[in-house]
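Note: the block below is input-v8.txt and it holds compact mmCIF, C-alpha atoms and all ligand atoms.
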# COMPACT_ATOMS: atom_id res chain seq x y z
CA MET A 1 -9.24 -3.62 3.78
CA GLU A 2 -11.97 -1.36 2.48
CA LEU A 3 -11.29 2.37 2.58
CA THR A 4 -14.63 3.67 3.81
CA GLY A 5 -14.18 5.62 7.04
CA ARG A 6 -10.41 5.05 7.14
CA VAL A 7 -7.68 7.48 8.13
CA ALA A 8 -5.02 7.31 5.40
CA VAL A 9 -1.63 8.98 5.02
CA VAL A 10 0.14 9.23 1.65
CA THR A 11 3.67 10.55 1.27
CA GLY A 12 4.88 12.00 -2.02
CA ALA A 13 1.24 12.92 -2.64
CA ALA A 14 1.72 16.31 -4.34
CA ARG A 15 1.76 14.64 -7.75
CA GLY A 16 2.02 11.38 -9.67
CA ILE A 17 1.10 8.07 -8.06
CA GLY A 18 0.80 9.57 -4.57
CA ARG A 19 -1.68 12.17 -5.76
CA ALA A 20 -3.75 9.51 -7.51
CA LEU A 21 -3.77 7.37 -4.34
CA ALA A 22 -4.88 10.28 -2.15
CA GLU A 23 -7.66 11.25 -4.57
CA ARG A 24 -8.83 7.68 -4.95
CA PHE A 25 -8.86 6.97 -1.19
CA ALA A 26 -11.03 10.06 -0.69
CA ALA A 27 -13.35 8.96 -3.50
CA GLU A 28 -13.63 5.53 -1.82
CA GLY A 29 -14.98 7.24 1.32
CA ALA A 30 -11.90 7.61 3.53
CA ALA A 31 -12.69 9.75 6.59
CA ALA A 32 -9.36 11.59 6.32
CA VAL A 33 -6.51 11.66 3.82
CA VAL A 34 -3.23 13.27 4.84
CA VAL A 35 -1.45 14.60 1.75
CA ALA A 36 2.23 14.79 2.72
CA ASP A 37 5.05 15.99 0.51
CA LEU A 38 8.23 18.05 0.47
CA ASP A 39 6.34 20.28 -1.96
CA PHE A 40 3.80 21.96 0.33
CA ASP A 41 2.22 24.08 -2.41
CA GLY A 42 1.65 20.96 -4.49
CA ALA A 43 0.21 19.09 -1.49
CA SER A 44 -2.08 22.02 -0.73
CA GLY A 45 -3.38 22.04 -4.30
CA VAL A 46 -4.16 18.32 -4.09
CA ALA A 47 -5.87 18.72 -0.70
CA GLU A 48 -7.93 21.62 -2.03
CA ALA A 49 -9.05 19.54 -5.01
CA ILE A 50 -10.03 16.66 -2.70
CA GLY A 51 -11.98 18.79 -0.23
CA PRO A 52 -12.36 18.92 3.56
CA THR A 53 -11.34 15.30 4.20
CA ALA A 54 -7.79 16.11 3.02
CA LEU A 55 -5.04 17.69 5.09
CA PRO A 56 -1.87 18.96 3.38
CA VAL A 57 1.40 18.65 5.30
CA ARG A 58 4.97 19.55 4.38
CA LEU A 59 7.15 16.54 5.17
CA ASP A 60 10.65 15.41 4.26
CA VAL A 61 10.37 11.62 4.56
CA SER A 62 14.14 11.23 4.69
CA ASP A 63 14.30 12.99 8.07
CA GLU A 64 13.50 10.61 10.94
CA SER A 65 12.64 13.35 13.44
CA GLU A 66 10.24 14.98 10.95
CA ILE A 67 8.48 11.65 10.39
CA SER A 68 8.13 10.89 14.08
CA THR A 69 6.72 14.38 14.82
CA PHE A 70 4.43 14.07 11.79
CA VAL A 71 3.05 10.69 12.90
CA ALA A 72 2.54 11.95 16.46
CA ASP A 73 0.64 14.99 15.11
CA VAL A 74 -1.58 12.86 12.86
CA LEU A 75 -2.32 10.44 15.73
CA ALA A 76 -3.16 13.38 18.02
CA ARG A 77 -5.50 14.84 15.42
CA TYR A 78 -7.33 11.73 14.22
CA GLY A 79 -6.76 9.23 17.06
CA HIS A 80 -5.30 6.52 14.81
CA ILE A 81 -3.86 5.81 11.37
CA ASP A 82 -5.43 2.93 9.43
CA LEU A 83 -3.25 3.14 6.35
CA PHE A 84 0.23 4.65 5.97
CA CYS A 85 1.51 4.77 2.38
CA SER A 86 5.25 5.35 2.09
CA ASN A 87 5.15 6.40 -1.52
CA ALA A 88 7.69 9.23 -2.01
CA GLY A 89 10.61 8.06 -4.13
CA ILE A 90 13.40 9.34 -6.36
CA THR A 91 15.52 8.10 -9.26
CA THR A 92 19.11 9.08 -10.05
CA GLY A 93 19.75 8.09 -13.65
CA HIS A 94 23.27 7.09 -12.65
CA GLY A 95 25.42 3.98 -12.51
CA LEU A 96 28.93 3.78 -11.07
CA ASP A 97 29.22 7.52 -11.68
CA ALA A 98 26.69 8.20 -8.90
CA PRO A 99 28.60 9.92 -6.09
CA ALA A 100 28.27 8.66 -2.51
CA SER A 101 25.98 11.60 -1.69
CA GLU A 102 23.52 10.43 -4.35
CA TRP A 103 23.54 6.87 -2.98
CA GLU A 104 22.90 8.29 0.50
CA ARG A 105 20.02 10.50 -0.68
CA THR A 106 18.38 7.66 -2.63
CA LEU A 107 18.78 5.27 0.28
CA ALA A 108 17.27 7.88 2.61
CA VAL A 109 14.18 8.55 0.47
CA ASN A 110 13.55 5.10 -1.03
CA VAL A 111 14.40 2.92 2.00
CA LEU A 112 15.13 4.69 5.28
CA ALA A 113 11.89 6.66 4.95
CA HIS A 114 9.95 3.37 5.02
CA ILE A 115 11.91 2.35 8.10
CA HIS A 116 11.38 5.70 9.88
CA ALA A 117 7.65 5.52 9.11
CA ALA A 118 7.34 1.95 10.41
CA ARG A 119 9.25 2.82 13.59
CA ALA A 120 6.88 5.74 14.20
CA VAL A 121 3.54 4.17 13.31
CA VAL A 122 3.75 0.40 13.91
CA PRO A 123 3.65 0.56 17.75
CA ALA A 124 0.28 2.37 17.66
CA MET A 125 -1.03 -0.06 15.02
CA LEU A 126 0.01 -3.10 17.09
CA GLU A 127 -1.57 -1.60 20.21
CA ARG A 128 -4.80 -1.14 18.30
CA GLY A 129 -4.52 -4.61 16.73
CA PHE A 130 -4.88 -3.22 13.21
CA GLY A 131 -2.97 -1.15 10.72
CA TYR A 132 -1.93 -1.26 7.09
CA LEU A 133 1.41 -0.23 5.55
CA LEU A 134 1.49 0.22 1.78
CA ASN A 135 5.08 0.74 0.64
CA THR A 136 5.59 1.91 -2.91
CA CYS A 137 8.54 -0.06 -4.23
CA SER A 138 8.79 -0.79 -7.96
CA ALA A 139 9.13 -3.61 -10.47
CA ALA A 140 12.80 -2.56 -10.18
CA GLY A 141 12.71 -4.01 -6.66
CA LEU A 142 11.78 -7.44 -8.04
CA LEU A 143 13.85 -7.24 -11.24
CA THR A 144 16.38 -4.45 -11.82
CA SER A 145 16.68 -0.94 -13.25
CA VAL A 146 18.62 -0.27 -16.44
CA ASP A 147 21.37 2.36 -15.92
CA ASP A 148 20.21 3.41 -12.44
CA ALA A 149 22.16 1.46 -9.82
CA PRO A 150 20.94 3.36 -6.73
CA TYR A 151 17.32 2.92 -7.84
CA ALA A 152 17.70 -0.85 -8.43
CA VAL A 153 19.45 -1.43 -5.11
CA THR A 154 17.18 0.73 -2.96
CA LYS A 155 13.98 -0.66 -4.47
CA HIS A 156 15.18 -4.22 -3.74
CA ALA A 157 15.86 -3.10 -0.17
CA ALA A 158 12.38 -1.58 0.06
CA VAL A 159 10.79 -4.89 -0.98
CA ALA A 160 12.99 -6.74 1.53
CA PHE A 161 11.90 -4.41 4.35
CA ALA A 162 8.21 -4.81 3.47
CA GLU A 163 8.65 -8.61 3.51
CA TRP A 164 10.41 -8.39 6.87
CA LEU A 165 7.56 -6.32 8.34
CA SER A 166 4.95 -8.76 7.10
CA MET A 167 6.87 -11.75 8.45
CA THR A 168 7.44 -10.12 11.85
CA TYR A 169 4.07 -8.45 12.52
CA GLY A 170 1.64 -10.11 10.09
CA ASP A 171 0.17 -12.27 12.87
CA ARG A 172 -0.37 -9.26 15.14
CA GLY A 173 -2.82 -7.29 13.03
CA LEU A 174 -0.38 -5.52 10.74
CA ARG A 175 -1.09 -5.77 7.01
CA VAL A 176 1.71 -4.94 4.59
CA SER A 177 1.68 -4.53 0.82
CA ALA A 178 4.51 -3.74 -1.57
CA LEU A 179 3.35 -1.81 -4.63
CA CYS A 180 5.57 -2.74 -7.59
CA PRO A 181 4.52 -1.01 -10.81
CA GLN A 182 6.54 -0.95 -14.02
CA GLY A 183 6.12 2.20 -16.16
CA VAL A 184 3.69 4.86 -14.96
CA ASP A 185 3.01 8.16 -16.72
CA THR A 186 4.29 10.63 -14.11
CA ASP A 187 6.95 13.33 -13.91
CA MET A 188 9.45 10.68 -12.80
CA LEU A 189 9.22 8.71 -16.05
CA ARG A 190 8.64 11.80 -18.22
CA GLY A 191 11.79 13.39 -16.78
CA GLY A 192 13.84 10.31 -17.72
CA LEU A 193 12.41 10.28 -21.24
CA ALA A 194 13.05 14.02 -21.65
CA VAL A 195 16.79 13.52 -21.13
CA GLY A 196 16.86 10.31 -23.24
CA HIS A 197 17.76 8.07 -20.28
CA ARG A 198 18.17 4.49 -21.41
CA GLY A 199 16.29 3.12 -18.39
CA ALA A 200 13.23 5.22 -19.17
CA GLN A 201 13.37 4.08 -22.81
CA VAL A 202 13.60 0.41 -21.76
CA THR A 203 10.64 0.94 -19.43
CA VAL A 204 8.55 2.31 -22.30
CA ALA A 205 9.64 -0.54 -24.59
CA SER A 206 8.93 -3.22 -21.96
CA GLY A 207 5.21 -2.85 -21.46
CA ARG A 208 2.21 -0.61 -21.24
CA ILE A 209 2.66 2.72 -19.50
CA LEU A 210 -0.18 3.01 -17.02
CA SER A 211 -1.79 6.20 -15.79
CA ALA A 212 -1.40 6.96 -12.08
CA ALA A 213 -5.19 6.50 -11.79
CA GLU A 214 -4.85 2.92 -13.12
CA VAL A 215 -2.21 2.26 -10.45
CA ALA A 216 -4.65 3.59 -7.84
CA ASP A 217 -7.30 1.15 -9.16
CA ALA A 218 -4.84 -1.73 -8.68
CA VAL A 219 -4.03 -0.47 -5.17
CA VAL A 220 -7.68 -0.31 -4.09
CA ALA A 221 -8.19 -3.88 -5.39
CA GLY A 222 -4.93 -5.06 -3.78
CA LEU A 223 -5.83 -3.53 -0.41
CA ALA A 224 -9.31 -5.11 -0.56
CA ALA A 225 -7.70 -8.50 -1.20
CA GLU A 226 -4.88 -7.74 1.28
CA GLU A 227 -2.32 -8.99 -1.25
CA PHE A 228 1.32 -8.59 -0.24
CA LEU A 229 2.49 -7.85 -3.79
CA ILE A 230 0.40 -5.35 -5.69
CA LEU A 231 1.31 -5.59 -9.37
CA PRO A 232 -0.50 -3.07 -11.58
CA HIS A 233 1.41 -4.71 -14.47
CA PRO A 234 0.59 -8.42 -13.88
CA GLU A 235 3.35 -9.53 -16.31
CA VAL A 236 5.94 -8.46 -13.71
CA ALA A 237 5.12 -11.71 -11.82
CA LYS A 238 6.17 -13.68 -14.91
CA TYR A 239 9.38 -11.65 -15.31
CA GLU A 240 10.23 -12.31 -11.66
CA GLN A 241 9.69 -16.04 -12.26
CA TYR A 242 12.18 -15.93 -15.16
CA ARG A 243 14.68 -14.21 -12.88
CA VAL A 244 14.50 -16.72 -10.03
CA GLN A 245 14.35 -19.78 -12.29
CA ASP A 246 17.66 -19.08 -14.03
CA ARG A 247 19.51 -15.92 -13.04
CA GLY A 248 22.30 -16.40 -15.57
CA ARG A 249 19.84 -16.64 -18.45
CA TRP A 250 17.79 -13.74 -17.11
CA LEU A 251 20.91 -11.54 -16.79
CA ALA A 252 21.93 -12.41 -20.36
CA ALA A 253 18.44 -11.37 -21.52
CA MET A 254 18.71 -8.13 -19.53
CA ARG A 255 22.11 -7.36 -21.07
CA HIS A 256 20.58 -7.87 -24.51
CA LEU A 257 17.59 -5.67 -23.63
CA ARG A 258 19.92 -2.94 -22.37
CA SER A 259 22.27 -3.02 -25.36
CA THR A 260 19.43 -2.93 -27.91
CA ALA A 261 17.35 -0.31 -26.11
CA PRO A 262 15.81 2.18 -28.53
CA GLY A 263 17.96 5.24 -29.05
CA ALA A 264 20.64 4.01 -26.68
CA ASP A 265 24.29 3.90 -27.58
CA ALA A 266 25.34 0.39 -26.61
CA SER A 267 28.98 1.43 -26.40
CA GLN A 268 28.21 3.83 -23.55
CA SER A 269 28.28 2.33 -20.09
CA ARG A 270 27.90 4.99 -17.48
N1 LIG B 1 6.60 6.51 -12.46
C1 LIG B 1 7.00 5.25 -12.56
O1 LIG B 1 7.18 4.74 -13.68
C2 LIG B 1 7.21 4.41 -11.32
C3 LIG B 1 7.35 3.02 -11.49
C4 LIG B 1 7.56 2.22 -10.37
C5 LIG B 1 7.62 2.79 -9.11
N2 LIG B 1 7.47 4.13 -8.97
C6 LIG B 1 7.56 4.68 -7.61
O2 LIG B 1 6.34 5.33 -7.30
C7 LIG B 1 6.58 6.35 -6.32
C8 LIG B 1 5.98 7.66 -6.79
O3 LIG B 1 6.61 8.00 -8.00
P1 LIG B 1 5.96 8.98 -9.10
O4 LIG B 1 6.17 8.33 -10.40
O5 LIG B 1 4.62 9.40 -8.68
O6 LIG B 1 7.04 10.18 -8.99
P2 LIG B 1 6.89 11.76 -9.02
O7 LIG B 1 8.27 12.25 -9.17
O8 LIG B 1 5.84 12.17 -9.98
O9 LIG B 1 6.34 12.10 -7.55
C9 LIG B 1 7.13 11.88 -6.41
C10 LIG B 1 6.66 12.78 -5.28
O10 LIG B 1 7.48 12.50 -4.13
C11 LIG B 1 7.84 13.74 -3.53
N3 LIG B 1 9.09 13.58 -2.77
C12 LIG B 1 10.35 13.36 -3.24
N4 LIG B 1 11.23 13.32 -2.23
C13 LIG B 1 10.52 13.51 -1.08
C14 LIG B 1 10.86 13.60 0.29
N5 LIG B 1 12.13 13.49 0.68
N6 LIG B 1 9.88 13.80 1.19
C15 LIG B 1 8.59 13.93 0.79
N7 LIG B 1 8.19 13.88 -0.49
C16 LIG B 1 9.15 13.68 -1.42
C17 LIG B 1 7.99 14.72 -4.70
O11 LIG B 1 7.91 16.07 -4.25
C18 LIG B 1 6.82 14.27 -5.59
O12 LIG B 1 5.64 14.97 -5.27
C19 LIG B 1 8.11 6.40 -6.13
O13 LIG B 1 8.46 5.66 -4.98
C20 LIG B 1 8.63 5.72 -7.39
O14 LIG B 1 9.90 5.16 -7.20
C21 LIG B 1 7.27 4.96 -10.04

Before anything else, please render the file you have as structure tokens.
Amino acid sequence: MELTGRVAVVTGAARGIGRALAERFAAEGAAAVVVADLDFDGASGVAEAIGPTALPVRLDVSDESEISTFVADVLARYGHIDLFCSNAGITTGHGLDAPASEWERTLAVNVLAHIHAARAVVPAMLERGFGYLLNTCSAAGLLTSVDDAPYAVTKHAAVAFAEWLSMTYGDRGLRVSALCPQGVDTDMLRGGLAVGHRGAQVTVASGRILSAAEVADAVVAGLAAEEFLILPHPEVAKYEQYRVQDRGRWLAAMRHLRSTAPGADASQSR
């Protein structure tokens, strides 16, 4: 799918990867880019920087009724949605110490939001015979996430839901891609590094940290090729191969990586 003339929606677009996607889609000639985020001031700043093709909207993706009203409003305004990017996401930094409320919040933002969006937008896409869902997952959804259990579990679920959508509707005009980056230089990763979180340190030690703009480059190429898995860090495909070939060996390697992570205290298991 080329972006020229398209109507695109990006959630979590006030900063980071979402911002870079919105800016890049506009630069590629999208007719409209909806910049949706909980942070309305941030979304407005991004929309202002993009120009008249951008529309800022305050949206909490974890709230199903907000998403369905939002999609109805965008459809009423532009007539259709070519590309819906469920990109908003959160980390917890917690393991077994994460309370149930944190699991629920992470599930709501990282997984249920993708489901609410699909429920709201897929019927119109099927009726039109075309539509594209880009769901931002993570390399954590193909591998795991050191010292962040809710993140690892919800990102796996997000990949599973994207696969399910592609299997179920891929022959009826729906395109689906799962974006699975490793480390990206955004507030999410910077916040983890600032508090010395082991997972953030492992991410930095495991490969190149890309800019959000480099992720947007990979997305534009992945959408053009209509690839299901968009891997801005190509080595993630190799790591996933190791995992499926011999899970026991892969888990032993992950335990070693975790216990020798720079700056981490191997005796601490949160
Ligand atoms: N940064 C990385 O290293 C990395 C790696 C792999 C995957 N990802 C994924 O990429 C996506 C974007 O992450 P980022 O690094 O740009 O993070 P970020 O924290 O910089 O930006 C996330 C944005 O999502 C918004 N948001 C959070 N909860 C929301 C909600 N309920 N409703 C609407 N908006 C909400 C925030 O306001 C923020 O603008 C996430 O899904 C994340 O899990 C990030």

re atom CA of A:Arg208 and atom CA of A:Gln245: distance 24.4 Å

Could you give me, as a count of residues only, every polymer residue with an atom at most 8 Å away from an atom of ligand LIG 1 (chain B), counting all atoms listed in the file? 51

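Using all atoms listed in the file, the shortest contact distance between A:Val122 and any of A:Pro150, A:Gly170, A:Gly51, A:Pro234 is found at A:Gly170.
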
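When all atoms listed in the file are used to compute distances to A:Trp103, the closest of the residues A:Asp82, A:Glu64, A:Glu240, A:Asp148 turns out to be A:Asp148.
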
Min atom-atom distance to A:Gln201 from the set A:Asp147, A:Val46, A:Asp41, A:Leu112, counting only C-alpha atoms, belongs to A:Asp147

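Using only C-alpha atoms, the shortest contact distance between A:Trp164 and any of A:Ala20, A:Ile115, A:Leu231, A:Ala152 is found at A:Ile115.
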
With distances taken over all atoms listed in the file, the candidate from A:Gly93, A:Val215, A:Leu165, A:Phe25 nearest A:Gly191 is A:Gly93

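Comparing A:Pro52, A:Pro232, A:Pro262, A:Gly95 by their smallest distance to A:Val202, the closest is A:Pro262 (using all atoms listed in the file).
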
If you count all atoms listed in the file, which residues fall within 8 Å of A:Thr154, apart from same-chain ones fewer than 6 positions away, as a PDB file with C-alpha atoms, keeping the file's coordinate frame?
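Saved the output as out24.pdb:
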ATOM      1  CA  THR A 106      18.380   7.660  -2.630  1.00  0.00           C
ATOM      2  CA  LEU A 107      18.780   5.270   0.280  1.00  0.00           C
ATOM      3  CA  ASN A 110      13.550   5.100  -1.030  1.00  0.00           C
ATOM      4  CA  VAL A 111      14.400   2.920   2.000  1.00  0.00           C
ATOM      5  CA  GLY A 141      12.710  -4.010  -6.660  1.00  0.00           C
TER       6      GLY A 141
END

Listed atoms of stretch 238-247 of chain A boxed along x, y and z, 3 Å each side, centre and edge lengths in Å, one decimal, as lines of an AutoDock Vina configuration file:
center_x = 12.8
center_y = -15.7
center_z = -12.7
size_x = 19.3
size_y = 14.1
size_z = 11.3
